[in-house]
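A short worksheet on the structure shown next.
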Amino acid sequence: MKILLSNDDGIHSAGLWILANHLNQVDSVTIVAPDREQSATGTSVTLRHPLRISKVASQLDGVECWATEGLPGDAVILGLEHVLEKPVDLVVSGINNGPNVGDDVLISGTVGAALQAYLRNVPAIAISTFNIESTNHETPARLAAIIAADIASGRLTGDIFLNINTPDIPLDRIKGVRLCHLAHKTHIDTVKEGHDGRREFYWLVRSKLDFEAEAGTDIKAIEQNCISVTELHTNLFRKPPIATLEILCNEWFHTLKEDR
């Protein structure tokens, strides 16, 4: 199994390397990630100027690592089309510090990176923790490795594009792994005005709306101390989920607990 790992927090992100360590126990991992933090870049790709890519020192034996100019989507495209020989069996994007739930998936660089794999018929996973200052990366990293193993063994098949969010709590407080749909109308961008002494400027601020999350949504799962698993697709309307996915969510939770 050949795994490509990327993110939107940059090549030096702690979550990236913890994730690489766990996935490397499943099979061969190569990292191609942005050379700097690139959050909230969504599905953007670079089309109007060239990109450079350079091999960098790896923190893990046996894991090759490349840093790219450009955006998270660029990194995955370069990884799939240039760095790695085909076929690649799985692309994982993360671990992102901060949630990618509800409407956030539309601007998430973490999800945008995974999307480029999905568009090329490569199974894709975007994985995040719910706290922007989280240091609790072991649980999402272990879960990603469990899912990767199920893909490698053929237990999870189909048109795979998963968005996963883990609450920022110890594993013994997590109540389950729940298959969810995206919450809707969760955030709105507002404008703050300022002045730098010479001219006015405007700062876009993403604000969380005060609302009650609906049952079955990713946000409600997090509120109830569960890991949310949401199946994404390029059709913005919902479609029937992978038939075995809800069963696998329950199994993944039990495996997480057993592996402690």
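Numbering starts fresh at 1 for the residues of each chain in the structure tokens, the chains themselves are lettered A, B, ... in the order given, and ligands are numbered from 1 as they appear.
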Check: Got a sec: who's within 9 Å of Glu246 (chain A), counting only C-alpha atoms, leaving out chain neighbours fewer than 6 positions off, as a PyMOL selection string?
Finding: chain A and resi 177-179
Which neighbours of region 10-25 of chain A fall inside 8 Å, counting only C-alpha atoms, when residues of the same chain fewer than 5 positions from it are skipped, and could you give them as a PDB file with N, CA and C atoms, in the first residue's frame?
ATOM      1  N   ILE A   3       0.930   5.287   0.561  1.00  0.00           N
ATOM      2  CA  ILE A   3       0.152   6.358   1.191  1.00  0.00           C
ATOM      3  C   ILE A   3       0.863   7.693   0.979  1.00  0.00           C
ATOM      4  N   LEU A   5       0.806  11.580   2.260  1.00  0.00           N
ATOM      5  CA  LEU A   5       0.359  12.373   3.396  1.00  0.00           C
ATOM      6  C   LEU A   5       0.621  13.847   3.134  1.00  0.00           C
ATOM      7  N   ILE A  31       5.541  11.998   2.369  1.00  0.00           N
ATOM      8  CA  ILE A  31       4.945  13.287   2.723  1.00  0.00           C
ATOM      9  C   ILE A  31       5.233  14.297   1.624  1.00  0.00           C
ATOM     10  N   VAL A  32       4.192  14.956   1.138  1.00  0.00           N
ATOM     11  CA  VAL A  32       4.334  16.122   0.271  1.00  0.00           C
ATOM     12  C   VAL A  32       3.387  17.168   0.838  1.00  0.00           C
ATOM     13  N   ALA A  33       3.936  18.218   1.434  1.00  0.00           N
ATOM     14  CA  ALA A  33       3.127  19.186   2.165  1.00  0.00           C
ATOM     15  C   ALA A  33       3.606  20.610   1.882  1.00  0.00           C
ATOM     16  N   PRO A  34       2.754  21.598   2.101  1.00  0.00           N
ATOM     17  CA  PRO A  34       3.161  22.990   1.885  1.00  0.00           C
ATOM     18  C   PRO A  34       4.345  23.378   2.754  1.00  0.00           C
ATOM     19  N   ASP A  35       5.171  24.274   2.246  1.00  0.00           N
ATOM     20  CA  ASP A  35       6.358  24.690   2.995  1.00  0.00           C
ATOM     21  C   ASP A  35       6.032  25.692   4.096  1.00  0.00           C
ATOM     22  N   ARG A  36       4.754  26.082   4.212  1.00  0.00           N
ATOM     23  CA  ARG A  36       4.314  27.011   5.265  1.00  0.00           C
ATOM     24  C   ARG A  36       2.838  26.796   5.534  1.00  0.00           C
ATOM     25  N   GLU A  37       2.348  27.437   6.582  1.00  0.00           N
ATOM     26  CA  GLU A  37       0.939  27.305   6.955  1.00  0.00           C
ATOM     27  C   GLU A  37       0.042  27.888   5.872  1.00  0.00           C
ATOM     28  N   GLN A  38      -1.014  27.122   5.497  1.00  0.00           N
ATOM     29  CA  GLN A  38      -1.892  27.517   4.391  1.00  0.00           C
ATOM     30  C   GLN A  38      -3.353  27.221   4.733  1.00  0.00           C
ATOM     31  N   GLN A  59      11.791  13.382   9.608  1.00  0.00           N
ATOM     32  CA  GLN A  59      11.881  13.063  11.025  1.00  0.00           C
ATOM     33  C   GLN A  59      11.723  11.570  11.300  1.00  0.00           C
ATOM     34  N   LEU A  60      11.396  10.790  10.247  1.00  0.00           N
ATOM     35  CA  LEU A  60      11.138   9.366  10.419  1.00  0.00           C
ATOM     36  C   LEU A  60      11.947   8.557   9.412  1.00  0.00           C
ATOM     37  N   VAL A  63      10.610   7.377   5.631  1.00  0.00           N
ATOM     38  CA  VAL A  63       9.556   8.269   5.135  1.00  0.00           C
ATOM     39  C   VAL A  63      10.209   9.417   4.376  1.00  0.00           C
ATOM     40  N   ALA A  67       8.750  19.385   0.528  1.00  0.00           N
ATOM     41  CA  ALA A  67       8.056  20.644   0.819  1.00  0.00           C
ATOM     42  C   ALA A  67       7.773  21.360  -0.486  1.00  0.00           C
ATOM     43  N   GLY A  94      -3.824  15.989   7.050  1.00  0.00           N
ATOM     44  CA  GLY A  94      -3.970  16.323   8.463  1.00  0.00           C
ATOM     45  C   GLY A  94      -2.657  16.063   9.216  1.00  0.00           C
ATOM     46  N   ILE A  95      -2.719  16.012  10.504  1.00  0.00           N
ATOM     47  CA  ILE A  95      -3.871  16.266  11.361  1.00  0.00           C
ATOM     48  C   ILE A  95      -4.000  17.778  11.535  1.00  0.00           C
ATOM     49  N   ASN A  96      -5.156  18.316  11.208  1.00  0.00           N
ATOM     50  CA  ASN A  96      -5.363  19.756  11.316  1.00  0.00           C
ATOM     51  C   ASN A  96      -5.667  20.148  12.754  1.00  0.00           C
ATOM     52  N   ASN A  97      -5.037  21.217  13.208  1.00  0.00           N
ATOM     53  CA  ASN A  97      -5.389  21.793  14.504  1.00  0.00           C
ATOM     54  C   ASN A  97      -6.551  22.751  14.315  1.00  0.00           C
ATOM     55  N   THR A 135      -2.825  19.476  21.408  1.00  0.00           N
ATOM     56  CA  THR A 135      -1.628  18.638  21.336  1.00  0.00           C
ATOM     57  C   THR A 135      -2.022  17.166  21.408  1.00  0.00           C
ATOM     58  N   HIS A 137      -2.872  14.481  19.505  1.00  0.00           N
ATOM     59  CA  HIS A 137      -2.872  13.971  18.142  1.00  0.00           C
ATOM     60  C   HIS A 137      -2.859  12.447  18.062  1.00  0.00           C
ATOM     61  N   GLU A 138      -2.635  11.779  19.177  1.00  0.00           N
ATOM     62  CA  GLU A 138      -2.498  10.326  19.137  1.00  0.00           C
ATOM     63  C   GLU A 138      -3.790   9.646  18.710  1.00  0.00           C
ATOM     64  N   PRO A 140      -6.515  10.775  16.834  1.00  0.00           N
ATOM     65  CA  PRO A 140      -6.807  10.833  15.398  1.00  0.00           C
ATOM     66  C   PRO A 140      -5.781  10.105  14.544  1.00  0.00           C
ATOM     67  N   ALA A 141      -4.508  10.105  14.961  1.00  0.00           N
ATOM     68  CA  ALA A 141      -3.490   9.406  14.189  1.00  0.00           C
ATOM     69  C   ALA A 141      -3.725   7.895  14.206  1.00  0.00           C
ATOM     70  N   ARG A 142      -4.069   7.370  15.366  1.00  0.00           N
ATOM     71  CA  ARG A 142      -4.341   5.941  15.462  1.00  0.00           C
ATOM     72  C   ARG A 142      -5.582   5.565  14.678  1.00  0.00           C
ATOM     73  N   ALA A 144      -6.727   7.071  11.991  1.00  0.00           N
ATOM     74  CA  ALA A 144      -6.368   7.108  10.578  1.00  0.00           C
ATOM     75  C   ALA A 144      -5.656   5.820  10.172  1.00  0.00           C
ATOM     76  N   ALA A 145      -4.784   5.313  11.038  1.00  0.00           N
ATOM     77  CA  ALA A 145      -4.070   4.074  10.735  1.00  0.00           C
ATOM     78  C   ALA A 145      -5.025   2.879  10.694  1.00  0.00           C
ATOM     79  N   ALA A 148      -6.851   3.162   7.408  1.00  0.00           N
ATOM     80  CA  ALA A 148      -5.943   2.813   6.321  1.00  0.00           C
ATOM     81  C   ALA A 148      -5.782   1.298   6.208  1.00  0.00           C
TER      82      ALA A 148
END
Next item on the list: Check the smallest atom-to-atom distance from each of A:Ala221, A:Ala57, A:Cys65, A:Ala149 to Val29 (chain A) using only C-alpha atoms, then report the winner.
Entry: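 Distance minimum relative to Val29 (chain A) lands on A:Cys65.
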Next item on the list: Could you give me, as a ChimeraX atom specification, each residue of region 4-216 of chain A that DSSP assigns to helix (DSSP H, G or I) when run on this structure's backbone?
Entry: /A:14-23,72-83,102-106,109-118,138-153,171-173
Margin query: If you run DSSP on the backbone here, which positions in region 107-163 of chain A get strand (DSSP E)? Please write them as a PyMOL selection string.
Written below: chain A and resi 124-129+161-163
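Considering only C-alpha atoms, the residue among A:Val91, A:Leu245, A:Met1, A:Val45 positioned nearest to Glu69 (chain A) is A:Val45.
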Checklist line | Close residues, region 107-121 of chain A itself excluded, 7 Å, only C-alpha atoms, min 6 positions apart in chain, as a ChimeraX atom specification | finding: /A:7-8,38-43,72-73,76-77,91-94,96,100,161
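Counting only C-alpha atoms, region 252-258 of chain A has the following residues at most 10 Å away, ignoring those fewer than 4 positions along the same chain: Thr139, Pro140, Arg142, Leu143, Ala144, Ile146, Ile147, Asp150, Leu171, Asp172, Ile174, Lys175, Gly176, Val177, Arg178, Cys226, Ile227, Glu246, Ile247 and Leu248 of chain A.
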Would you write out those residues with C-alpha atoms, as a tab-separated table (two decimals), in the first residue's frame?
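Saved the output as out.tsv:
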chain	number	residue	atom	x	y	z
A	139	THR	CA	-6.19	9.43	18.90
A	140	PRO	CA	-6.81	10.83	15.40
A	142	ARG	CA	-4.34	5.94	15.46
A	143	LEU	CA	-7.82	6.13	13.96
A	144	ALA	CA	-6.37	7.11	10.58
A	146	ILE	CA	-7.00	1.78	11.58
A	147	ILE	CA	-8.97	3.09	8.61
A	150	ASP	CA	-9.22	-1.48	6.49
A	171	LEU	CA	-9.48	8.64	24.53
A	172	ASP	CA	-11.13	7.23	27.67
A	174	ILE	CA	-14.62	9.53	23.87
A	175	LYS	CA	-18.04	7.90	23.62
A	176	GLY	CA	-17.93	6.54	20.08
A	177	VAL	CA	-17.17	6.98	16.39
A	178	ARG	CA	-20.31	8.31	14.73
A	226	CYS	CA	-17.89	11.41	19.82
A	227	ILE	CA	-15.59	11.31	16.81
A	246	GLU	CA	-21.71	2.84	9.89
A	247	ILE	CA	-20.77	-0.69	10.97
A	248	LEU	CA	-17.09	0.11	10.50
Next item on the list: Just the residues within 10 Å of Gly216 (chain A), please, counting only C-alpha atoms, with nothing from its chain fewer than 3 positions along; format it as a list in words.
Entry: Arg178, Leu179, Cys180, His181, Leu182, Ala183, Ala213, Ile219, Lys220, Ala221 and Ser228 of chain A
Hey, can you spit out that residue selection with N, CA, C and O atoms as a PDB file, in the first residue's frame?
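Below is the file part.pdb, written as the result:
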ATOM      1  N   ARG A 178     -18.947   8.158  15.239  1.00  0.00           N
ATOM      2  CA  ARG A 178     -20.309   8.310  14.734  1.00  0.00           C
ATOM      3  C   ARG A 178     -20.313   8.763  13.274  1.00  0.00           C
ATOM      4  O   ARG A 178     -19.632   9.733  12.914  1.00  0.00           O
ATOM      5  N   LEU A 179     -21.068   8.059  12.433  1.00  0.00           N
ATOM      6  CA  LEU A 179     -21.262   8.468  11.046  1.00  0.00           C
ATOM      7  C   LEU A 179     -22.271   9.614  11.014  1.00  0.00           C
ATOM      8  O   LEU A 179     -23.381   9.490  11.527  1.00  0.00           O
ATOM      9  N   CYS A 180     -21.875  10.758  10.415  1.00  0.00           N
ATOM     10  CA  CYS A 180     -22.665  11.987  10.507  1.00  0.00           C
ATOM     11  C   CYS A 180     -22.857  12.613   9.130  1.00  0.00           C
ATOM     12  O   CYS A 180     -22.225  12.225   8.155  1.00  0.00           O
ATOM     13  N   HIS A 181     -23.724  13.635   9.084  1.00  0.00           N
ATOM     14  CA  HIS A 181     -23.746  14.535   7.942  1.00  0.00           C
ATOM     15  C   HIS A 181     -23.316  15.921   8.422  1.00  0.00           C
ATOM     16  O   HIS A 181     -23.279  16.205   9.627  1.00  0.00           O
ATOM     17  N   LEU A 182     -22.971  16.778   7.488  1.00  0.00           N
ATOM     18  CA  LEU A 182     -22.477  18.103   7.832  1.00  0.00           C
ATOM     19  C   LEU A 182     -23.571  18.966   8.427  1.00  0.00           C
ATOM     20  O   LEU A 182     -24.703  18.993   7.933  1.00  0.00           O
ATOM     21  N   ALA A 183     -23.236  19.682   9.488  1.00  0.00           N
ATOM     22  CA  ALA A 183     -24.126  20.736   9.968  1.00  0.00           C
ATOM     23  C   ALA A 183     -24.162  21.847   8.918  1.00  0.00           C
ATOM     24  O   ALA A 183     -23.227  22.009   8.123  1.00  0.00           O
ATOM     25  N   ALA A 213     -27.086  22.613  17.321  1.00  0.00           N
ATOM     26  CA  ALA A 213     -26.722  21.629  16.302  1.00  0.00           C
ATOM     27  C   ALA A 213     -27.765  20.526  16.241  1.00  0.00           C
ATOM     28  O   ALA A 213     -28.244  20.035  17.270  1.00  0.00           O
ATOM     29  N   ILE A 219     -21.221  18.375  14.187  1.00  0.00           N
ATOM     30  CA  ILE A 219     -21.058  19.221  15.377  1.00  0.00           C
ATOM     31  C   ILE A 219     -21.740  18.599  16.585  1.00  0.00           C
ATOM     32  O   ILE A 219     -21.187  18.611  17.696  1.00  0.00           O
ATOM     33  N   LYS A 220     -22.927  18.038  16.402  1.00  0.00           N
ATOM     34  CA  LYS A 220     -23.612  17.391  17.519  1.00  0.00           C
ATOM     35  C   LYS A 220     -22.796  16.210  18.028  1.00  0.00           C
ATOM     36  O   LYS A 220     -22.701  15.991  19.248  1.00  0.00           O
ATOM     37  N   ALA A 221     -22.174  15.452  17.146  1.00  0.00           N
ATOM     38  CA  ALA A 221     -21.338  14.330  17.578  1.00  0.00           C
ATOM     39  C   ALA A 221     -20.198  14.809  18.462  1.00  0.00           C
ATOM     40  O   ALA A 221     -19.915  14.219  19.511  1.00  0.00           O
ATOM     41  N   SER A 228     -16.544  12.367  14.849  1.00  0.00           N
ATOM     42  CA  SER A 228     -17.457  12.443  13.703  1.00  0.00           C
ATOM     43  C   SER A 228     -16.760  11.965  12.442  1.00  0.00           C
ATOM     44  O   SER A 228     -15.613  12.308  12.175  1.00  0.00           O
TER      45      SER A 228
END
Checklist line | Distance in Å - CA of Asn131 (chain A) versus CA of Leu106 (chain A) | finding: 18.7 Å
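Nearest-residue note for Ala124 (chain A): choosing from A:Ser44, A:Thr230, A:Ala243, A:Leu90, the minimum distance belongs to A:Leu90, counting only C-alpha atoms.
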Item checked: Shortest interatomic distance to Leu51 (chain A) - which of A:Leu71, A:Glu64, A:Ile160, A:Pro170, counting only C-alpha atoms -> A:Leu71
Note to self: Report as JSON, numbers by chain all protein, DNA and RNA residues lying within 10 Å of His184 (chain A), evaluated on only C-alpha atoms, omitting residues in the same chain fewer than 3 positions from it.
What the structure shows: {"A": [101, 102, 103, 104, 181, 187, 213, 214, 217, 218, 219]}
